Amino acid sequence: MNAAPARPSPEALLRQAAQEGRGRLKIFLGAAPGVGKTYEMLSDGASRRRDGVDVVIGVVETHGRFETEALVRGHEVIPRRPVRYEGRTLEEMDVDAVIARHPRLVLVDELAHTNAPGSRHPKRYQDVEELLAAGIDVYSTINIQHVESLNDVVASFTRVRVRETVPDSILEAAEIEVVDIPPDELIDRLKAGKVYLPQEATRALSHFFSKSNLSALRELALRRAAQAVDAQMLDHVRALGVGGTWAGGERIVVAVSELPGADSLIRATKRIADAQRAPWTAVYIETARAQTLSAADQRRIAETLDLAAQLGGAVASVPATSVLTGLKTFAAEARATQLVVGKSSRSRWFELRHGSVVDRLVRETPGIAVHVMPMPQPVGGRVSGPLWSQLAGDWGRPAGYGWSAAMVAGVTAAGSALFHILDLGNVALLYLLPVMVAASLFGLRTGLFAGIASSLAYNFFFLPPTGTLTIANPENIVSVLVLLGVAIATSQLTARVRAQADLAAASARTNAALAGFLRALTPLNDPVALARAICDEVGRLFGLQTVILVADGGSLVVQAANAIDYRLDTIEMAAAQWAFDTATPAGRGSGTLTASDWLFQPLRAGERTVAVLGLSRASGGDPIRPDQLQLLKGLIDQSALVLERLRLEMEMRDVDAVRERDRLRAALLSSVSHDLRTPLTSVMAAAAALRGGATPDLIDTIESEAGRLNRFVGNLLDMARVEAGALRLKLEPVDLTDAVAGAAHDTRSALAGHPVQLDVPPDLPLVRVDPQLLHHILINLFDNAGRYADAGTPIIIRGRHRHAVLTLQIIDQGPGLPQGQERDVFDTFHRLEGSDRAAGGTGLGLAIVKAFAEAMGMTVEAGNREGGGGAAFSLQFPSGLLVRDTGEDVA
């Protein structure tokens, strides 16, 4: 029993692997304020710093205590980040500054603190999670009343409910050091003014800081730390595959069955666990016999497991070949120290035939304390239902006995035909065939029937005197007995293998259903499509009508359903709202609002309910059979995780969009401040010169610079339209020859000094585009070519129609594009580094070209001119944008 599993736990190894590269968290846990958590954290940090560890303070609250302030002065303190809120300036830990500094260890006080509105994370423990993810170790402090699962317990005797809490999962992944002092000493510290100001201390002594409250808080802190240490110890030994119970703390397992009174076992176990403050698990061992249980028995099992979950215990359903084997295996894997079982009243004859599971557990589990509790005997025996159902459930199907008799008759006929060439021993071996087949196909009792029938047939037809059941030769009695014994043993072995195969097949079907379900959901990234897929898959697996409801403006709305004829009345919507608000099932088959025709199951991810799944059977009755509950719970957990993953992805996309808009806004301001200043300066200088009667050339300068300024503003407005998604296309046939000529005319000042070589054949097909957007594209490309081309060099505009694709190229003779930056030139605000010619542009022109081209279904590429010495930009119009002379699209 005490032998450990032969291999490490894969789940434990995965949890350890997930911690690789992350920082380690150490929490200084106290029963109440004033026990010295911050002082102990700073002292430990100072010790680590003396050992050569890079230690900084992220945030520490000294509350004016001189001893604490003295310890702070020895550390490097990261300046806090000011946050403006309602006319005040608040200071919070600067997470970005800590990550940029990247120390080995950072000290963060008051883990449960709520950050000021406007901070990146609403809670400080989320800041700590980000630091841990960055590979930085963290020391932090917390009081026991701030632990989420203990919040109600603390409020029940202190009459104070704290609003700042930390999830238990944070403590479970951390190393915990309890900072503890006796209640009397803490009260003395409070009276001496070392915790609160004198007037506040007097009020605290009569309320929160009473000796009884402090004693209870102290016990809670010590027990919660012990539970965390026990859980971490178990995870470690499971990862190593080390055997033994490792009873550092009590761990209780209760075995439930279909018998009436199993709920009393759950309540008794709850009382034992509460008295010892120990975790407990209710387990049902699912053997082959579970397939023959009545619907009432299966419902009783499901209700018992639900009761265990409601009382705070874990639940498990474990397939096994026998109850004893399953219990021993589960208790060993759970490292249980106590086992609670029920003993029902059985007849002596029953125990002689089947043995006592309780007695064997006591004998074979010496390392576990076994609590045996009496179970009530059902009135009139535990068998219920029609006699035929009883016989069918206990003794197998009548068809199995018929087939077994037929197989025995067939073997008898074959033996009679071959009797002249076979001796009696070989004929006896033939009768093992129907025994094995019957036991394999129809179960143990049918196999035993085949064994007895085979023995009788062998005696009647082959042992002299034939035709009677009399055996003349005593030696043949041994043959008959051996045949019967072998038949019985073979039946038992074959039936056991069949039971194991049935359990394995059921487990494989469940795993396959879960894997297929997750595989169907994973690729979806649309909330409505995901909800519809969940409804379709759950409905298909269970043969039910299904709906998914989500919160919208304070009420629930149907997001998806697997049928259009579903109906949700007032009672159904009330049950769905209850399931969403309380995170517990409601409706038919549950304990709440049972008048509803639908059963509603909450889909929870972490601490929040993301949706509600409704289930209904068109023919009436409970939607889910008890034996389907485990599969349904697995599907619900997967659905909730996938929905939560999609929600987080959408939030991250929104965050990325906000960040990109902020980046563009900052770059836009920079562009406006620098690039609009040059043409404005020229215009102002020319205007001043005109006032003094200067030459007419200044008019050209004003016109040129004003046009340039107009293009800058136009580019800014166009980019704003692109970013806002406000482009509205007006597609119509356009002649590229006219479009190129018009754009060249509007950019004649930018192209001045560069001969323009038009190589655009007049017979090119028309293109279906937005004329205004195409004009903007060409203007930006021509302006870019005019600025970067060497003085006096020509600019070539070439059009070609080949392989159903029309290509328009703008080629200049200038410095060309740096190697590897052919795609980067289309990025917003990108400029060629070190080029004095880039100073005349905003860095928006080519980004607008790409955005407009892609909006119309075109592609744009950048490269260098063949042979070097210039850049070449290509606009490609696919066949879908080409128009025949008749106005029809080119095929």
# chains A, B, ... in the order shown; residues from 1 in each chain; ligands from 1
$ residues_around --residues "A:Pro755" --least-positions-apart "5" --cutoff "8 Å" --atoms "only C-alpha atoms" --output "number ranges by chain"
A: 792-795
$ write_last_selection --atoms "all heavy atoms" --output "short mmCIF file (atom, residue, chain, number, x, y, z; two decimals), in the first residue's frame"
data_model
loop_
_atom_site.label_atom_id
_atom_site.label_comp_id
_atom_site.auth_asym_id
_atom_site.auth_seq_id
_atom_site.Cartn_x
_atom_site.Cartn_y
_atom_site.Cartn_z
N GLY A 792 18.45 66.24 -62.28
CA GLY A 792 18.58 66.12 -63.72
C GLY A 792 18.34 64.73 -64.26
O GLY A 792 18.32 64.56 -65.49
N THR A 793 18.17 63.73 -63.41
CA THR A 793 17.95 62.36 -63.91
C THR A 793 16.47 62.16 -64.22
O THR A 793 15.60 62.74 -63.56
CB THR A 793 18.39 61.32 -62.88
OG1 THR A 793 17.66 61.52 -61.66
CG2 THR A 793 19.88 61.46 -62.59
N PRO A 794 16.18 61.32 -65.21
CA PRO A 794 14.78 61.12 -65.59
C PRO A 794 14.04 60.22 -64.60
O PRO A 794 14.64 59.41 -63.89
CB PRO A 794 14.88 60.45 -66.97
CG PRO A 794 16.19 59.73 -66.93
CD PRO A 794 17.11 60.59 -66.09
N ILE A 795 12.72 60.36 -64.59
CA ILE A 795 11.83 59.47 -63.82
C ILE A 795 10.97 58.73 -64.84
O ILE A 795 10.30 59.35 -65.67
CB ILE A 795 10.96 60.27 -62.83
CG1 ILE A 795 11.85 60.91 -61.76
CG2 ILE A 795 9.90 59.38 -62.18
CD1 ILE A 795 11.10 61.82 -60.81
#
$ residues_around --residues "stretch 137-153 of chain A" --least-positions-apart "2" --cutoff "6 Å" --atoms "only C-alpha atoms" --output "MDAnalysis selection string"
chainID A and resid 23:32 105:111 155:156 165:167 221
$ atom_distance --atom1 "atom CA of A:Ser264" --atom2 "atom CA of A:Val315"
15.8 Å
$ closest_residue --among "A:Lys211, A:Arg48, A:Arg802, A:Arg519" --to "A:Ile534" --atoms "only C-alpha atoms"
A:Arg519
$ residues_around --residues "A:Leu324" --least-positions-apart "4" --cutoff "10 Å" --atoms "only C-alpha atoms" --output "VMD selection string"
chain A and resid 285 320 328 to 329 356 to 358 360 to 361 364
$ decode --residues "stretch 529-607 of chain A" --atoms "C-alpha atoms" --output "CSV table (one decimal), in the first residue's frame"
chain,number,residue,atom,x,y,z
A,529,ALA,CA,-19.0,31.1,-33.8
A,530,LEU,CA,-17.4,29.7,-30.7
A,531,ALA,CA,-20.6,29.7,-28.7
A,532,ARG,CA,-22.5,28.0,-31.6
A,533,ALA,CA,-19.8,25.3,-31.8
A,534,ILE,CA,-20.1,24.6,-28.1
A,535,CYS,CA,-23.9,24.3,-28.5
A,536,ASP,CA,-23.6,22.0,-31.5
A,537,GLU,CA,-21.0,19.7,-29.9
A,538,VAL,CA,-22.6,19.4,-26.5
A,539,GLY,CA,-26.0,18.9,-28.2
A,540,ARG,CA,-24.6,16.2,-30.5
A,541,LEU,CA,-22.8,14.3,-27.7
A,542,PHE,CA,-25.8,14.2,-25.4
A,543,GLY,CA,-28.7,14.5,-27.8
A,544,LEU,CA,-30.0,17.7,-26.3
A,545,GLN,CA,-31.2,21.2,-27.1
A,546,THR,CA,-28.5,23.6,-26.0
A,547,VAL,CA,-28.2,27.4,-25.6
A,548,ILE,CA,-25.5,29.7,-24.4
A,549,LEU,CA,-26.4,33.0,-22.6
A,550,VAL,CA,-24.0,35.8,-21.9
A,551,ALA,CA,-24.2,39.0,-19.9
A,552,ASP,CA,-25.2,42.1,-21.9
A,553,GLY,CA,-25.9,45.3,-20.1
A,554,GLY,CA,-26.8,43.7,-16.8
A,555,SER,CA,-29.1,41.0,-18.2
A,556,LEU,CA,-28.6,37.7,-20.0
A,557,VAL,CA,-29.1,37.3,-23.7
A,558,VAL,CA,-28.9,34.2,-25.9
A,559,GLN,CA,-25.7,34.2,-27.9
A,560,ALA,CA,-26.1,30.9,-29.7
A,561,ALA,CA,-28.3,27.8,-29.8
A,562,ASN,CA,-28.2,24.5,-31.7
A,563,ALA,CA,-31.9,24.7,-32.8
A,564,ILE,CA,-34.2,27.5,-33.8
A,565,ASP,CA,-37.3,26.3,-32.0
A,566,TYR,CA,-35.9,26.6,-28.4
A,567,ARG,CA,-38.1,28.3,-25.9
A,568,LEU,CA,-37.0,30.1,-22.7
A,569,ASP,CA,-39.8,31.4,-20.5
A,570,THR,CA,-39.6,33.6,-17.4
A,571,ILE,CA,-38.8,30.7,-15.1
A,572,GLU,CA,-36.0,29.6,-17.4
A,573,MET,CA,-34.5,33.1,-17.6
A,574,ALA,CA,-34.7,33.3,-13.8
A,575,ALA,CA,-32.8,30.0,-13.5
A,576,ALA,CA,-30.2,31.1,-16.0
A,577,GLN,CA,-29.7,34.4,-14.1
A,578,TRP,CA,-29.4,32.5,-10.8
A,579,ALA,CA,-26.7,30.2,-12.3
A,580,PHE,CA,-24.8,33.2,-13.6
A,581,ASP,CA,-25.0,35.2,-10.4
A,582,THR,CA,-24.2,32.3,-8.0
A,583,ALA,CA,-22.0,30.1,-10.2
A,584,THR,CA,-24.1,27.1,-9.3
A,585,PRO,CA,-26.4,24.9,-11.5
A,586,ALA,CA,-30.1,25.9,-11.6
A,587,GLY,CA,-33.1,24.5,-13.2
A,588,ARG,CA,-34.3,20.9,-13.9
A,589,GLY,CA,-32.3,18.3,-12.2
A,590,SER,CA,-30.6,20.8,-9.8
A,591,GLY,CA,-31.6,22.0,-6.3
A,592,THR,CA,-32.8,25.4,-7.5
A,593,LEU,CA,-35.9,26.5,-9.6
A,594,THR,CA,-36.6,22.9,-10.5
A,595,ALA,CA,-39.8,23.9,-12.3
A,596,SER,CA,-37.8,25.0,-15.3
A,597,ASP,CA,-37.6,22.7,-18.3
A,598,TRP,CA,-34.0,23.6,-18.8
A,599,LEU,CA,-30.9,22.9,-16.7
A,600,PHE,CA,-28.4,25.8,-16.6
A,601,GLN,CA,-24.7,25.2,-15.9
A,602,PRO,CA,-22.4,28.1,-15.3
A,603,LEU,CA,-19.2,28.3,-17.4
A,604,ARG,CA,-16.5,29.6,-14.9
A,605,ALA,CA,-12.9,30.6,-15.7
A,606,GLY,CA,-11.0,31.5,-12.6
A,607,GLU,CA,-13.1,33.7,-10.4
